[in-house]
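Quick look at input_6.pdb (PDB, C-alpha atoms):
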ATOM      1  CA  MET B   1      25.051 -33.010 -19.968  1.00  0.00           C
ATOM      2  CA  ASP B   2      23.153 -35.790 -18.213  1.00  0.00           C
ATOM      3  CA  ALA B   3      19.717 -37.412 -18.198  1.00  0.00           C
ATOM      4  CA  LEU B   4      18.307 -34.451 -16.286  1.00  0.00           C
ATOM      5  CA  HIS B   5      19.850 -31.790 -18.517  1.00  0.00           C
ATOM      6  CA  LEU B   6      20.098 -32.706 -22.196  1.00  0.00           C
ATOM      7  CA  SER B   7      22.114 -30.768 -24.735  1.00  0.00           C
ATOM      8  CA  GLN B   8      20.099 -28.429 -26.933  1.00  0.00           C
ATOM      9  CA  ARG B   9      20.444 -30.915 -29.782  1.00  0.00           C
ATOM     10  CA  LEU B  10      19.109 -33.918 -27.857  1.00  0.00           C
ATOM     11  CA  LYS B  11      16.402 -31.824 -26.207  1.00  0.00           C
ATOM     12  CA  LEU B  12      15.082 -30.936 -29.658  1.00  0.00           C
ATOM     13  CA  VAL B  13      15.173 -34.608 -30.635  1.00  0.00           C
ATOM     14  CA  ALA B  14      13.272 -35.438 -27.442  1.00  0.00           C
ATOM     15  CA  ASP B  15      10.590 -32.878 -28.313  1.00  0.00           C
ATOM     16  CA  PHE B  16       9.684 -34.912 -31.410  1.00  0.00           C
ATOM     17  CA  VAL B  17       9.150 -38.178 -29.498  1.00  0.00           C
ATOM     18  CA  PRO B  18       5.375 -38.700 -29.147  1.00  0.00           C
ATOM     19  CA  GLN B  19       3.796 -39.074 -25.726  1.00  0.00           C
ATOM     20  CA  GLY B  20       3.544 -42.711 -24.669  1.00  0.00           C
ATOM     21  CA  ALA B  21       5.999 -43.988 -27.278  1.00  0.00           C
ATOM     22  CA  ARG B  22       7.975 -47.202 -27.045  1.00  0.00           C
ATOM     23  CA  LEU B  23      11.428 -46.037 -28.065  1.00  0.00           C
ATOM     24  CA  ALA B  24      14.598 -47.582 -29.423  1.00  0.00           C
ATOM     25  CA  ASP B  25      17.546 -45.203 -29.185  1.00  0.00           C
ATOM     26  CA  ILE B  26      20.264 -46.687 -31.366  1.00  0.00           C
ATOM     27  CA  GLY B  27      23.820 -45.589 -30.568  1.00  0.00           C
ATOM     28  CA  SER B  28      22.544 -44.363 -27.225  1.00  0.00           C
ATOM     29  CA  ASP B  29      25.941 -43.938 -25.503  1.00  0.00           C
ATOM     30  CA  HIS B  30      25.027 -42.977 -21.892  1.00  0.00           C
ATOM     31  CA  ALA B  31      21.293 -43.483 -22.595  1.00  0.00           C
ATOM     32  CA  TYR B  32      20.688 -39.859 -21.648  1.00  0.00           C
ATOM     33  CA  LEU B  33      17.886 -39.382 -24.181  1.00  0.00           C
ATOM     34  CA  PRO B  34      15.676 -42.357 -23.220  1.00  0.00           C
ATOM     35  CA  ALA B  35      16.382 -41.808 -19.513  1.00  0.00           C
ATOM     36  CA  TYR B  36      15.332 -38.159 -19.823  1.00  0.00           C
ATOM     37  CA  LEU B  37      12.093 -39.124 -21.582  1.00  0.00           C
ATOM     38  CA  LEU B  38      11.245 -41.753 -18.956  1.00  0.00           C
ATOM     39  CA  LEU B  39      12.072 -39.483 -16.030  1.00  0.00           C
ATOM     40  CA  ASN B  40       9.730 -36.893 -17.517  1.00  0.00           C
ATOM     41  CA  GLN B  41       7.013 -39.525 -18.052  1.00  0.00           C
ATOM     42  CA  ARG B  42       7.027 -38.942 -21.790  1.00  0.00           C
ATOM     43  CA  ILE B  43       7.442 -42.536 -22.947  1.00  0.00           C
ATOM     44  CA  GLU B  44       6.313 -45.976 -21.818  1.00  0.00           C
ATOM     45  CA  PHE B  45       9.432 -48.057 -22.474  1.00  0.00           C
ATOM     46  CA  ALA B  46      12.852 -47.694 -24.095  1.00  0.00           C
ATOM     47  CA  ILE B  47      15.825 -49.617 -25.401  1.00  0.00           C
ATOM     48  CA  ALA B  48      19.287 -48.083 -25.375  1.00  0.00           C
ATOM     49  CA  GLY B  49      21.203 -49.919 -28.078  1.00  0.00           C
ATOM     50  CA  GLU B  50      25.000 -49.795 -28.273  1.00  0.00           C
ATOM     51  CA  VAL B  51      27.469 -51.766 -30.372  1.00  0.00           C
ATOM     52  CA  VAL B  52      30.531 -50.763 -28.293  1.00  0.00           C
ATOM     53  CA  LYS B  53      31.071 -52.238 -24.834  1.00  0.00           C
ATOM     54  CA  GLY B  54      32.149 -49.010 -23.104  1.00  0.00           C
ATOM     55  CA  PRO B  55      29.091 -46.933 -24.047  1.00  0.00           C
ATOM     56  CA  PHE B  56      26.878 -49.972 -23.368  1.00  0.00           C
ATOM     57  CA  GLU B  57      28.229 -50.146 -19.817  1.00  0.00           C
ATOM     58  CA  ASN B  58      27.664 -46.392 -19.465  1.00  0.00           C
ATOM     59  CA  ALA B  59      24.030 -46.925 -20.433  1.00  0.00           C
ATOM     60  CA  GLN B  60      23.706 -49.738 -17.872  1.00  0.00           C
ATOM     61  CA  GLN B  61      25.001 -47.409 -15.152  1.00  0.00           C
ATOM     62  CA  GLU B  62      22.468 -44.763 -16.170  1.00  0.00           C
ATOM     63  CA  VAL B  63      19.625 -47.274 -15.833  1.00  0.00           C
ATOM     64  CA  LEU B  64      20.728 -48.167 -12.305  1.00  0.00           C
ATOM     65  CA  LYS B  65      21.436 -44.568 -11.315  1.00  0.00           C
ATOM     66  CA  HIS B  66      17.889 -43.445 -12.077  1.00  0.00           C
ATOM     67  CA  HIS B  67      16.151 -46.670 -10.976  1.00  0.00           C
ATOM     68  CA  LEU B  68      14.787 -47.320 -14.468  1.00  0.00           C
ATOM     69  CA  THR B  69      15.176 -51.102 -14.480  1.00  0.00           C
ATOM     70  CA  GLY B  70      12.161 -52.556 -16.243  1.00  0.00           C
ATOM     71  CA  SER B  71      11.469 -49.369 -18.184  1.00  0.00           C
ATOM     72  CA  LEU B  72      14.852 -48.882 -19.874  1.00  0.00           C
ATOM     73  CA  GLU B  73      16.968 -51.748 -21.153  1.00  0.00           C
ATOM     74  CA  ALA B  74      20.559 -51.304 -22.311  1.00  0.00           C
ATOM     75  CA  ARG B  75      21.473 -53.834 -24.983  1.00  0.00           C
ATOM     76  CA  LEU B  76      24.822 -54.619 -26.565  1.00  0.00           C
ATOM     77  CA  ALA B  77      23.905 -55.140 -30.207  1.00  0.00           C
ATOM     78  CA  ASP B  78      24.690 -53.969 -33.723  1.00  0.00           C
ATOM     79  CA  GLY B  79      22.146 -51.371 -34.821  1.00  0.00           C
ATOM     80  CA  LEU B  80      18.538 -52.518 -35.068  1.00  0.00           C
ATOM     81  CA  VAL B  81      19.467 -55.994 -33.834  1.00  0.00           C
ATOM     82  CA  ALA B  82      18.848 -54.491 -30.379  1.00  0.00           C
ATOM     83  CA  ILE B  83      15.112 -54.469 -31.143  1.00  0.00           C
ATOM     84  CA  GLU B  84      12.997 -57.534 -30.422  1.00  0.00           C
ATOM     85  CA  VAL B  85       9.427 -58.149 -31.612  1.00  0.00           C
ATOM     86  CA  ALA B  86       8.135 -58.291 -28.037  1.00  0.00           C
ATOM     87  CA  ASP B  87       9.401 -54.735 -27.435  1.00  0.00           C
ATOM     88  CA  GLN B  88       6.669 -53.312 -29.703  1.00  0.00           C
ATOM     89  CA  ILE B  89       8.920 -50.398 -30.617  1.00  0.00           C
ATOM     90  CA  ASP B  90       7.091 -47.640 -32.499  1.00  0.00           C
ATOM     91  CA  VAL B  91       9.710 -44.854 -32.498  1.00  0.00           C
ATOM     92  CA  ILE B  92      13.403 -45.065 -33.369  1.00  0.00           C
ATOM     93  CA  THR B  93      15.981 -42.358 -32.725  1.00  0.00           C
ATOM     94  CA  ILE B  94      19.486 -42.415 -34.197  1.00  0.00           C
ATOM     95  CA  CYS B  95      21.655 -39.393 -33.436  1.00  0.00           C
ATOM     96  CA  GLY B  96      25.229 -38.237 -33.840  1.00  0.00           C
ATOM     97  CA  MET B  97      26.299 -40.399 -36.781  1.00  0.00           C
ATOM     98  CA  GLY B  98      26.904 -39.785 -40.465  1.00  0.00           C
ATOM     99  CA  GLY B  99      23.914 -40.013 -42.786  1.00  0.00           C
ATOM    100  CA  SER B 100      25.558 -42.892 -44.627  1.00  0.00           C
ATOM    101  CA  LEU B 101      25.953 -44.935 -41.445  1.00  0.00           C
ATOM    102  CA  ILE B 102      22.386 -44.193 -40.330  1.00  0.00           C
ATOM    103  CA  SER B 103      21.152 -45.361 -43.741  1.00  0.00           C
ATOM    104  CA  GLN B 104      23.196 -48.574 -43.425  1.00  0.00           C
ATOM    105  CA  ILE B 105      21.783 -49.245 -39.948  1.00  0.00           C
ATOM    106  CA  LEU B 106      18.205 -48.819 -41.165  1.00  0.00           C
ATOM    107  CA  ASP B 107      18.851 -50.818 -44.330  1.00  0.00           C
ATOM    108  CA  ALA B 108      20.459 -53.783 -42.588  1.00  0.00           C
ATOM    109  CA  HIS B 109      17.300 -55.011 -40.866  1.00  0.00           C
ATOM    110  CA  PRO B 110      14.141 -53.717 -42.584  1.00  0.00           C
ATOM    111  CA  GLU B 111      12.051 -56.256 -40.660  1.00  0.00           C
ATOM    112  CA  LYS B 112      12.792 -54.275 -37.487  1.00  0.00           C
ATOM    113  CA  LEU B 113      11.010 -51.252 -38.978  1.00  0.00           C
ATOM    114  CA  VAL B 114       7.663 -53.054 -39.137  1.00  0.00           C
ATOM    115  CA  GLY B 115       5.324 -51.279 -36.740  1.00  0.00           C
ATOM    116  CA  VAL B 116       7.575 -48.237 -36.419  1.00  0.00           C
ATOM    117  CA  LYS B 117       5.532 -45.061 -36.753  1.00  0.00           C
ATOM    118  CA  ARG B 118       8.312 -42.478 -36.589  1.00  0.00           C
ATOM    119  CA  LEU B 119      12.042 -42.117 -37.218  1.00  0.00           C
ATOM    120  CA  ILE B 120      13.848 -39.194 -35.586  1.00  0.00           C
ATOM    121  CA  LEU B 121      17.295 -38.913 -37.126  1.00  0.00           C
ATOM    122  CA  GLN B 122      20.133 -36.494 -36.461  1.00  0.00           C
ATOM    123  CA  PRO B 123      22.954 -37.001 -38.975  1.00  0.00           C
ATOM    124  CA  ASN B 124      26.199 -35.105 -38.440  1.00  0.00           C
ATOM    125  CA  VAL B 125      26.962 -35.181 -42.182  1.00  0.00           C
ATOM    126  CA  GLY B 126      25.476 -36.838 -45.260  1.00  0.00           C
ATOM    127  CA  GLU B 127      21.967 -35.458 -44.836  1.00  0.00           C
ATOM    128  CA  SER B 128      21.216 -35.701 -48.559  1.00  0.00           C
ATOM    129  CA  GLU B 129      22.115 -39.392 -48.670  1.00  0.00           C
ATOM    130  CA  LEU B 130      19.877 -40.089 -45.681  1.00  0.00           C
ATOM    131  CA  ARG B 131      16.938 -38.238 -47.239  1.00  0.00           C
ATOM    132  CA  THR B 132      17.424 -40.274 -50.406  1.00  0.00           C
ATOM    133  CA  TRP B 133      17.262 -43.499 -48.373  1.00  0.00           C
ATOM    134  CA  LEU B 134      14.049 -42.357 -46.701  1.00  0.00           C
ATOM    135  CA  VAL B 135      12.402 -41.627 -50.050  1.00  0.00           C
ATOM    136  CA  GLN B 136      13.487 -44.962 -51.511  1.00  0.00           C
ATOM    137  CA  HIS B 137      12.055 -46.825 -48.523  1.00  0.00           C
ATOM    138  CA  HIS B 138       8.687 -45.060 -48.423  1.00  0.00           C
ATOM    139  CA  PHE B 139       9.239 -42.636 -45.572  1.00  0.00           C
ATOM    140  CA  GLU B 140       7.883 -39.110 -45.784  1.00  0.00           C
ATOM    141  CA  ILE B 141       9.789 -36.268 -44.132  1.00  0.00           C
ATOM    142  CA  MET B 142       7.262 -34.654 -41.796  1.00  0.00           C
ATOM    143  CA  THR B 143       9.426 -31.932 -40.324  1.00  0.00           C
ATOM    144  CA  GLU B 144      13.054 -30.840 -40.043  1.00  0.00           C
ATOM    145  CA  ARG B 145      14.995 -28.543 -37.771  1.00  0.00           C
ATOM    146  CA  ILE B 146      18.450 -27.039 -37.959  1.00  0.00           C
ATOM    147  CA  LEU B 147      20.403 -25.691 -35.014  1.00  0.00           C
ATOM    148  CA  THR B 148      23.907 -24.768 -34.037  1.00  0.00           C
ATOM    149  CA  GLU B 149      25.632 -25.967 -30.883  1.00  0.00           C
ATOM    150  CA  ASP B 150      29.315 -25.736 -29.952  1.00  0.00           C
ATOM    151  CA  ASN B 151      30.062 -24.158 -33.356  1.00  0.00           C
ATOM    152  CA  GLN B 152      28.597 -27.160 -35.175  1.00  0.00           C
ATOM    153  CA  PHE B 153      25.486 -27.260 -37.367  1.00  0.00           C
ATOM    154  CA  TYR B 154      23.024 -30.082 -36.763  1.00  0.00           C
ATOM    155  CA  GLU B 155      19.975 -31.119 -38.769  1.00  0.00           C
ATOM    156  CA  ILE B 156      17.144 -33.191 -37.322  1.00  0.00           C
ATOM    157  CA  ILE B 157      14.912 -35.151 -39.691  1.00  0.00           C
ATOM    158  CA  VAL B 158      11.554 -36.544 -38.572  1.00  0.00           C
ATOM    159  CA  ALA B 159      10.096 -39.117 -40.975  1.00  0.00           C
ATOM    160  CA  GLU B 160       7.074 -41.407 -40.958  1.00  0.00           C
ATOM    161  CA  PRO B 161       6.142 -44.383 -43.153  1.00  0.00           C
ATOM    162  CA  THR B 162       3.653 -43.757 -45.943  1.00  0.00           C
ATOM    163  CA  ILE B 163       1.892 -45.868 -48.558  1.00  0.00           C
ATOM    164  CA  LEU B 164       1.742 -42.899 -50.922  1.00  0.00           C
ATOM    165  CA  PRO B 165       4.577 -42.202 -53.382  1.00  0.00           C
ATOM    166  CA  VAL B 166       7.166 -39.758 -52.056  1.00  0.00           C
ATOM    167  CA  ALA B 167       9.437 -37.728 -54.327  1.00  0.00           C
ATOM    168  CA  TYR B 168      11.858 -34.898 -53.616  1.00  0.00           C
ATOM    169  CA  ASN B 169      13.881 -33.011 -56.182  1.00  0.00           C
ATOM    170  CA  HIS B 170      17.643 -32.462 -55.993  1.00  0.00           C
ATOM    171  CA  ARG B 171      17.269 -29.177 -54.094  1.00  0.00           C
ATOM    172  CA  GLU B 172      14.987 -30.734 -51.499  1.00  0.00           C
ATOM    173  CA  LEU B 173      17.280 -33.707 -50.976  1.00  0.00           C
ATOM    174  CA  THR B 174      20.294 -31.411 -50.600  1.00  0.00           C
ATOM    175  CA  PHE B 175      18.818 -28.705 -48.381  1.00  0.00           C
ATOM    176  CA  GLY B 176      15.830 -30.496 -46.841  1.00  0.00           C
ATOM    177  CA  PRO B 177      12.240 -30.123 -48.114  1.00  0.00           C
ATOM    178  CA  GLU B 178      11.099 -28.538 -44.851  1.00  0.00           C
ATOM    179  CA  LEU B 179      14.259 -26.528 -44.182  1.00  0.00           C
ATOM    180  CA  ILE B 180      14.285 -25.019 -47.657  1.00  0.00           C
ATOM    181  CA  MET B 181      10.666 -23.960 -47.215  1.00  0.00           C
ATOM    182  CA  HIS B 182      11.168 -22.372 -43.801  1.00  0.00           C
ATOM    183  CA  GLN B 183      14.650 -20.913 -44.020  1.00  0.00           C
ATOM    184  CA  GLY B 184      15.933 -19.085 -40.994  1.00  0.00           C
ATOM    185  CA  PRO B 185      19.141 -17.486 -39.712  1.00  0.00           C
ATOM    186  CA  VAL B 186      20.820 -20.813 -38.849  1.00  0.00           C
ATOM    187  CA  PHE B 187      20.025 -22.281 -42.272  1.00  0.00           C
ATOM    188  CA  GLN B 188      21.371 -19.137 -43.938  1.00  0.00           C
ATOM    189  CA  ALA B 189      24.519 -19.200 -41.798  1.00  0.00           C
ATOM    190  CA  LYS B 190      25.252 -22.839 -42.620  1.00  0.00           C
ATOM    191  CA  TRP B 191      24.996 -22.364 -46.364  1.00  0.00           C
ATOM    192  CA  GLN B 192      26.769 -19.008 -46.406  1.00  0.00           C
ATOM    193  CA  GLY B 193      29.644 -20.815 -44.751  1.00  0.00           C
ATOM    194  CA  GLU B 194      29.507 -23.477 -47.450  1.00  0.00           C
ATOM    195  CA  ILE B 195      29.610 -20.732 -50.119  1.00  0.00           C
ATOM    196  CA  GLU B 196      32.803 -19.361 -48.571  1.00  0.00           C
ATOM    197  CA  ARG B 197      34.359 -22.824 -48.326  1.00  0.00           C
ATOM    198  CA  LEU B 198      33.542 -23.760 -51.922  1.00  0.00           C
ATOM    199  CA  SER B 199      34.755 -20.394 -53.208  1.00  0.00           C
ATOM    200  CA  GLN B 200      38.129 -20.889 -51.533  1.00  0.00           C
ATOM    201  CA  VAL B 201      38.453 -24.441 -52.862  1.00  0.00           C
ATOM    202  CA  ILE B 202      37.643 -23.308 -56.405  1.00  0.00           C
ATOM    203  CA  VAL B 203      40.270 -20.557 -56.268  1.00  0.00           C
ATOM    204  CA  GLN B 204      42.887 -23.023 -54.995  1.00  0.00           C
ATOM    205  CA  MET B 205      42.087 -25.509 -57.767  1.00  0.00           C
ATOM    206  CA  GLN B 206      42.190 -22.797 -60.436  1.00  0.00           C
ATOM    207  CA  GLU B 207      45.678 -21.792 -59.282  1.00  0.00           C
ATOM    208  CA  ALA B 208      47.036 -25.320 -59.666  1.00  0.00           C
ATOM    209  CA  LYS B 209      49.529 -26.036 -62.454  1.00  0.00           C
ATOM    210  CA  GLN B 210      47.022 -28.432 -63.965  1.00  0.00           C
ATOM    211  CA  PRO B 211      43.578 -27.268 -62.800  1.00  0.00           C
ATOM    212  CA  PRO B 212      41.077 -30.161 -62.422  1.00  0.00           C
ATOM    213  CA  LEU B 213      38.539 -28.630 -64.797  1.00  0.00           C
ATOM    214  CA  ARG B 214      35.818 -31.221 -64.268  1.00  0.00           C
ATOM    215  CA  LYS B 215      36.016 -30.863 -60.492  1.00  0.00           C
ATOM    216  CA  ILE B 216      36.031 -27.074 -60.755  1.00  0.00           C
ATOM    217  CA  LYS B 217      32.896 -27.188 -62.887  1.00  0.00           C
ATOM    218  CA  GLU B 218      31.222 -29.513 -60.381  1.00  0.00           C
ATOM    219  CA  PHE B 219      32.039 -27.226 -57.460  1.00  0.00           C
ATOM    220  CA  GLN B 220      30.903 -24.156 -59.387  1.00  0.00           C
ATOM    221  CA  ALA B 221      27.545 -25.848 -60.011  1.00  0.00           C
ATOM    222  CA  GLN B 222      27.201 -26.576 -56.280  1.00  0.00           C
ATOM    223  CA  LEU B 223      28.081 -22.991 -55.486  1.00  0.00           C
ATOM    224  CA  GLN B 224      25.516 -21.657 -57.935  1.00  0.00           C
ATOM    225  CA  LEU B 225      22.802 -23.907 -56.519  1.00  0.00           C
ATOM    226  CA  ILE B 226      23.402 -22.663 -52.968  1.00  0.00           C
ATOM    227  CA  GLN B 227      23.394 -19.050 -54.107  1.00  0.00           C
ATOM    228  CA  GLU B 228      20.114 -19.578 -55.969  1.00  0.00           C
ATOM    229  CA  VAL B 229      18.440 -21.165 -52.930  1.00  0.00           C
ATOM    230  CA  LEU B 230      19.499 -18.356 -50.608  1.00  0.00           C
ATOM    231  CA  THR B 231      18.579 -15.693 -53.171  1.00  0.00           C
ATOM    232  CA  ASP B 232      15.125 -17.245 -53.684  1.00  0.00           C
ATOM    233  CA  ASP B 233      14.503 -17.088 -49.947  1.00  0.00           C
ATOM    234  CA  ASN B 234      15.543 -13.439 -49.775  1.00  0.00           C
ATOM    235  CA  ARG B 235      13.172 -12.628 -52.619  1.00  0.00           C
ATOM    236  CA  ASN B 236      10.327 -14.396 -50.831  1.00  0.00           C
ATOM    237  CA  ARG B 237      10.997 -12.359 -47.702  1.00  0.00           C
ATOM    238  CA  ILE B 238      10.873  -9.111 -49.662  1.00  0.00           C
ATOM    239  CA  ASN B 239       7.664 -10.093 -51.437  1.00  0.00           C
TER     240      ASN B 239
END
Is it possible to express this structure as structure tokens?
Amino acid sequence: MDALHLSQRLKLVADFVPQGARLADIGSDHAYLPAYLLLNQRIEFAIAGEVVKGPFENAQQEVLKHHLTGSLEARLADGLVAIEVADQIDVITICGMGGSLISQILDAHPEKLVGVKRLILQPNVGESELRTWLVQHHFEIMTERILTEDNQFYEIIVAEPTILPVAYNHRELTFGPELIMHQGPVFQAKWQGEIERLSQVIVQMQEAKQPPLRKIKEFQAQLQLIQEVLTDDNRNRIN
């Protein structure tokens, strides 16, 4: 992968960046995503933020390699600290981290979100926690995508600020309000795999000398919820 050929995951993230955006890519690593968008004349300006020196230096090299000085700035900073008021950032992307860490990054500097029109987030785990943060901070989930790459499932969440109240139930927070509505083969495969994993864990706990009954009950409830969601979708397809 490089700035000319993104991975399927980052290409899908790139597709959700509006034309002419001023982008902050937090945790940018090699700055492939913002460089790709600039090289394809999709955005006006970008920041590649990195908190670790090595990836920051990689991003600097990418800027020089593609002659993007002035359009793409690599900055060594912790999370949203990379953003300055003068940048007029209106889109933020954060990819390849846990949902908990993404939430912490967004929560640490709410003043940096002023003027931001879109968040494009790709958590590796902890999607439910991230959705909960978005709801609590008045962001509406506009669309979601799920894909598989290198035997790993990835979810992409696109959210925008709203002045209207936003509320999602437990199912929507767990599975994604948009994903649960438009289930597809990848969604089904992810949660079928989770059914198999939970089933095995439950059996192992039940065979213990002192079965953890409360934990077993909790896992059984999770298992039932997943089965209900997948069954509901199958019924909708038949009808």
Minimum-distance residue to Gln60 in chain B, chosen among B:Tyr32, B:Tyr154, B:Phe16, B:Phe175 (using all atoms listed in the file):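 Under the stated criterion, the closest residue is B:Tyr32.
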Residues matched by the PyMOL selection byres ((chain B and resi 50) around 9) as a ChimeraX atom specification: /B:25-29,48-49,51-56,59,74-79,82
Can I get the selection written as a PDB file, in the coordinates of the input, with C-alpha atoms?
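Final output, saved to out15.pdb:
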ATOM      1  CA  ASP B  25      17.546 -45.203 -29.185  1.00  0.00           C
ATOM      2  CA  ILE B  26      20.264 -46.687 -31.366  1.00  0.00           C
ATOM      3  CA  GLY B  27      23.820 -45.589 -30.568  1.00  0.00           C
ATOM      4  CA  SER B  28      22.544 -44.363 -27.225  1.00  0.00           C
ATOM      5  CA  ASP B  29      25.941 -43.938 -25.503  1.00  0.00           C
ATOM      6  CA  ALA B  48      19.287 -48.083 -25.375  1.00  0.00           C
ATOM      7  CA  GLY B  49      21.203 -49.919 -28.078  1.00  0.00           C
ATOM      8  CA  VAL B  51      27.469 -51.766 -30.372  1.00  0.00           C
ATOM      9  CA  VAL B  52      30.531 -50.763 -28.293  1.00  0.00           C
ATOM     10  CA  LYS B  53      31.071 -52.238 -24.834  1.00  0.00           C
ATOM     11  CA  GLY B  54      32.149 -49.010 -23.104  1.00  0.00           C
ATOM     12  CA  PRO B  55      29.091 -46.933 -24.047  1.00  0.00           C
ATOM     13  CA  PHE B  56      26.878 -49.972 -23.368  1.00  0.00           C
ATOM     14  CA  ALA B  59      24.030 -46.925 -20.433  1.00  0.00           C
ATOM     15  CA  ALA B  74      20.559 -51.304 -22.311  1.00  0.00           C
ATOM     16  CA  ARG B  75      21.473 -53.834 -24.983  1.00  0.00           C
ATOM     17  CA  LEU B  76      24.822 -54.619 -26.565  1.00  0.00           C
ATOM     18  CA  ALA B  77      23.905 -55.140 -30.207  1.00  0.00           C
ATOM     19  CA  ASP B  78      24.690 -53.969 -33.723  1.00  0.00           C
ATOM     20  CA  GLY B  79      22.146 -51.371 -34.821  1.00  0.00           C
ATOM     21  CA  ALA B  82      18.848 -54.491 -30.379  1.00  0.00           C
TER      22      ALA B  82
END
Output check: residues returned by the PyMOL selection byres ((chain B and resi 121) around 7), as number ranges by chain: B: 93-95, 119-120, 122-123, 156-158
Those same residues, written as a PDB file, keeping the file's coordinate frame with C-alpha atoms?
ATOM      1  CA  THR B  93      15.981 -42.358 -32.725  1.00  0.00           C
ATOM      2  CA  ILE B  94      19.486 -42.415 -34.197  1.00  0.00           C
ATOM      3  CA  CYS B  95      21.655 -39.393 -33.436  1.00  0.00           C
ATOM      4  CA  LEU B 119      12.042 -42.117 -37.218  1.00  0.00           C
ATOM      5  CA  ILE B 120      13.848 -39.194 -35.586  1.00  0.00           C
ATOM      6  CA  GLN B 122      20.133 -36.494 -36.461  1.00  0.00           C
ATOM      7  CA  PRO B 123      22.954 -37.001 -38.975  1.00  0.00           C
ATOM      8  CA  ILE B 156      17.144 -33.191 -37.322  1.00  0.00           C
ATOM      9  CA  ILE B 157      14.912 -35.151 -39.691  1.00  0.00           C
ATOM     10  CA  VAL B 158      11.554 -36.544 -38.572  1.00  0.00           C
TER      11      VAL B 158
END
Picked residues, the PyMOL selection byres ((chain B and resi 190) around 10), as a PyMOL selection string: chain B and resi 146-148+152-154+185-189+191-195
Atom-to-atom span, CA of Ala167 in chain B and CA of Ala21 in chain B, Å: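 Computing it gives 28.0 Å between the two atoms.
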From B:Leu230, B:Ala35, B:Ile216, B:Ile102, residue lying nearest Val203 in chain B [all atoms listed in the file]: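 The closest residue to Val203 in chain B is B:Ile216.
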Nearest residue to Ile92 in chain B from the set B:Leu23, B:Leu38, B:Leu173, B:Ile202 (distances using only C-alpha atoms):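 Residue with the minimum atom-to-atom distance to Ile92 in chain B: B:Leu23.
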Shell around range 5-11 of chain B at 8 Å using all atoms listed in the file, local window under 2 positions removed, as number ranges by chain: B: 1-3, 13-15, 32-33, 36, 147, 149, 154
Interatomic distance (Å, one decimal) between CA of Phe45 in chain B and CA of His138 in chain B: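 Interatomic distance here is 26.1 Å.
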Contacts of Glu44 in chain B at 12 Å (only C-alpha atoms; same-chain gap of 5+ positions) as an NGL selection string: :B and (17-24 or 34-35 or 37-39 or 68 or 70-72 or 87-91)
Atom pair CA of Tyr168 in chain B / CA of Val135 in chain B: separation (Å):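 Between these atoms lies a distance of 7.6 Å.
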Minimum-distance residue to Met181 in chain B, chosen among B:Glu160, B:Glu144, B:Glu207, B:Glu62 (using only C-alpha atoms):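 Under the stated criterion, the closest residue is B:Glu144.
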Neighbours of point (11.9, -43.9, -44.0) within 12 Å, using only C-alpha atoms, written as number ranges by chain: B: 91-92, 102-103, 105-107, 110, 113-114, 116-121, 130-142, 157-163, 166
Minimum-distance residue to Gly115 in chain B, chosen among B:Glu129, B:Gln220, B:Thr174, B:Glu84 (using all atoms listed in the file): B:Glu84
Among the residues B:Pro177, B:Gln104, B:Met97, B:Arg145, the one that comes closest to Ser128 in chain B [using all atoms listed in the file]: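 Distance minimum relative to Ser128 in chain B lands on B:Pro177.
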Size and centre in Å, one decimal, axis-aligned box, all listed range 116-123 of chain B atoms plus 5 Å per side, as lines of an AutoDock Vina configuration file:
center_x = 14.2
center_y = -42.4
center_z = -37.3
size_x = 27.4
size_y = 21.7
size_z = 13.4
Repair of range 198-204 of chain B at the level of N, CA, C and O atoms, as a PDB file, in the frame of the given file:
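Below you can see out_24.pdb, which holds the result:
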ATOM      1  N   LEU B 198      33.458 -23.350 -50.520  1.00  0.00           N
ATOM      2  CA  LEU B 198      33.542 -23.760 -51.922  1.00  0.00           C
ATOM      3  C   LEU B 198      34.305 -22.724 -52.754  1.00  0.00           C
ATOM      4  O   LEU B 198      35.090 -23.088 -53.639  1.00  0.00           O
ATOM      5  N   SER B 199      34.070 -21.461 -52.465  1.00  0.00           N
ATOM      6  CA  SER B 199      34.755 -20.394 -53.208  1.00  0.00           C
ATOM      7  C   SER B 199      36.264 -20.492 -53.037  1.00  0.00           C
ATOM      8  O   SER B 199      37.030 -20.356 -54.004  1.00  0.00           O
ATOM      9  N   GLN B 200      36.696 -20.757 -51.806  1.00  0.00           N
ATOM     10  CA  GLN B 200      38.129 -20.889 -51.533  1.00  0.00           C
ATOM     11  C   GLN B 200      38.720 -22.110 -52.233  1.00  0.00           C
ATOM     12  O   GLN B 200      39.811 -22.055 -52.801  1.00  0.00           O
ATOM     13  N   VAL B 201      37.982 -23.211 -52.221  1.00  0.00           N
ATOM     14  CA  VAL B 201      38.453 -24.441 -52.862  1.00  0.00           C
ATOM     15  C   VAL B 201      38.589 -24.238 -54.363  1.00  0.00           C
ATOM     16  O   VAL B 201      39.571 -24.668 -54.988  1.00  0.00           O
ATOM     17  N   ILE B 202      37.613 -23.565 -54.960  1.00  0.00           N
ATOM     18  CA  ILE B 202      37.643 -23.308 -56.405  1.00  0.00           C
ATOM     19  C   ILE B 202      38.855 -22.464 -56.786  1.00  0.00           C
ATOM     20  O   ILE B 202      39.559 -22.757 -57.759  1.00  0.00           O
ATOM     21  N   VAL B 203      39.115 -21.426 -56.001  1.00  0.00           N
ATOM     22  CA  VAL B 203      40.270 -20.557 -56.268  1.00  0.00           C
ATOM     23  C   VAL B 203      41.566 -21.368 -56.192  1.00  0.00           C
ATOM     24  O   VAL B 203      42.453 -21.246 -57.049  1.00  0.00           O
ATOM     25  N   GLN B 204      41.680 -22.208 -55.163  1.00  0.00           N
ATOM     26  CA  GLN B 204      42.887 -23.023 -54.995  1.00  0.00           C
ATOM     27  C   GLN B 204      43.076 -23.985 -56.169  1.00  0.00           C
ATOM     28  O   GLN B 204      44.193 -24.169 -56.671  1.00  0.00           O
TER      29      GLN B 204
END
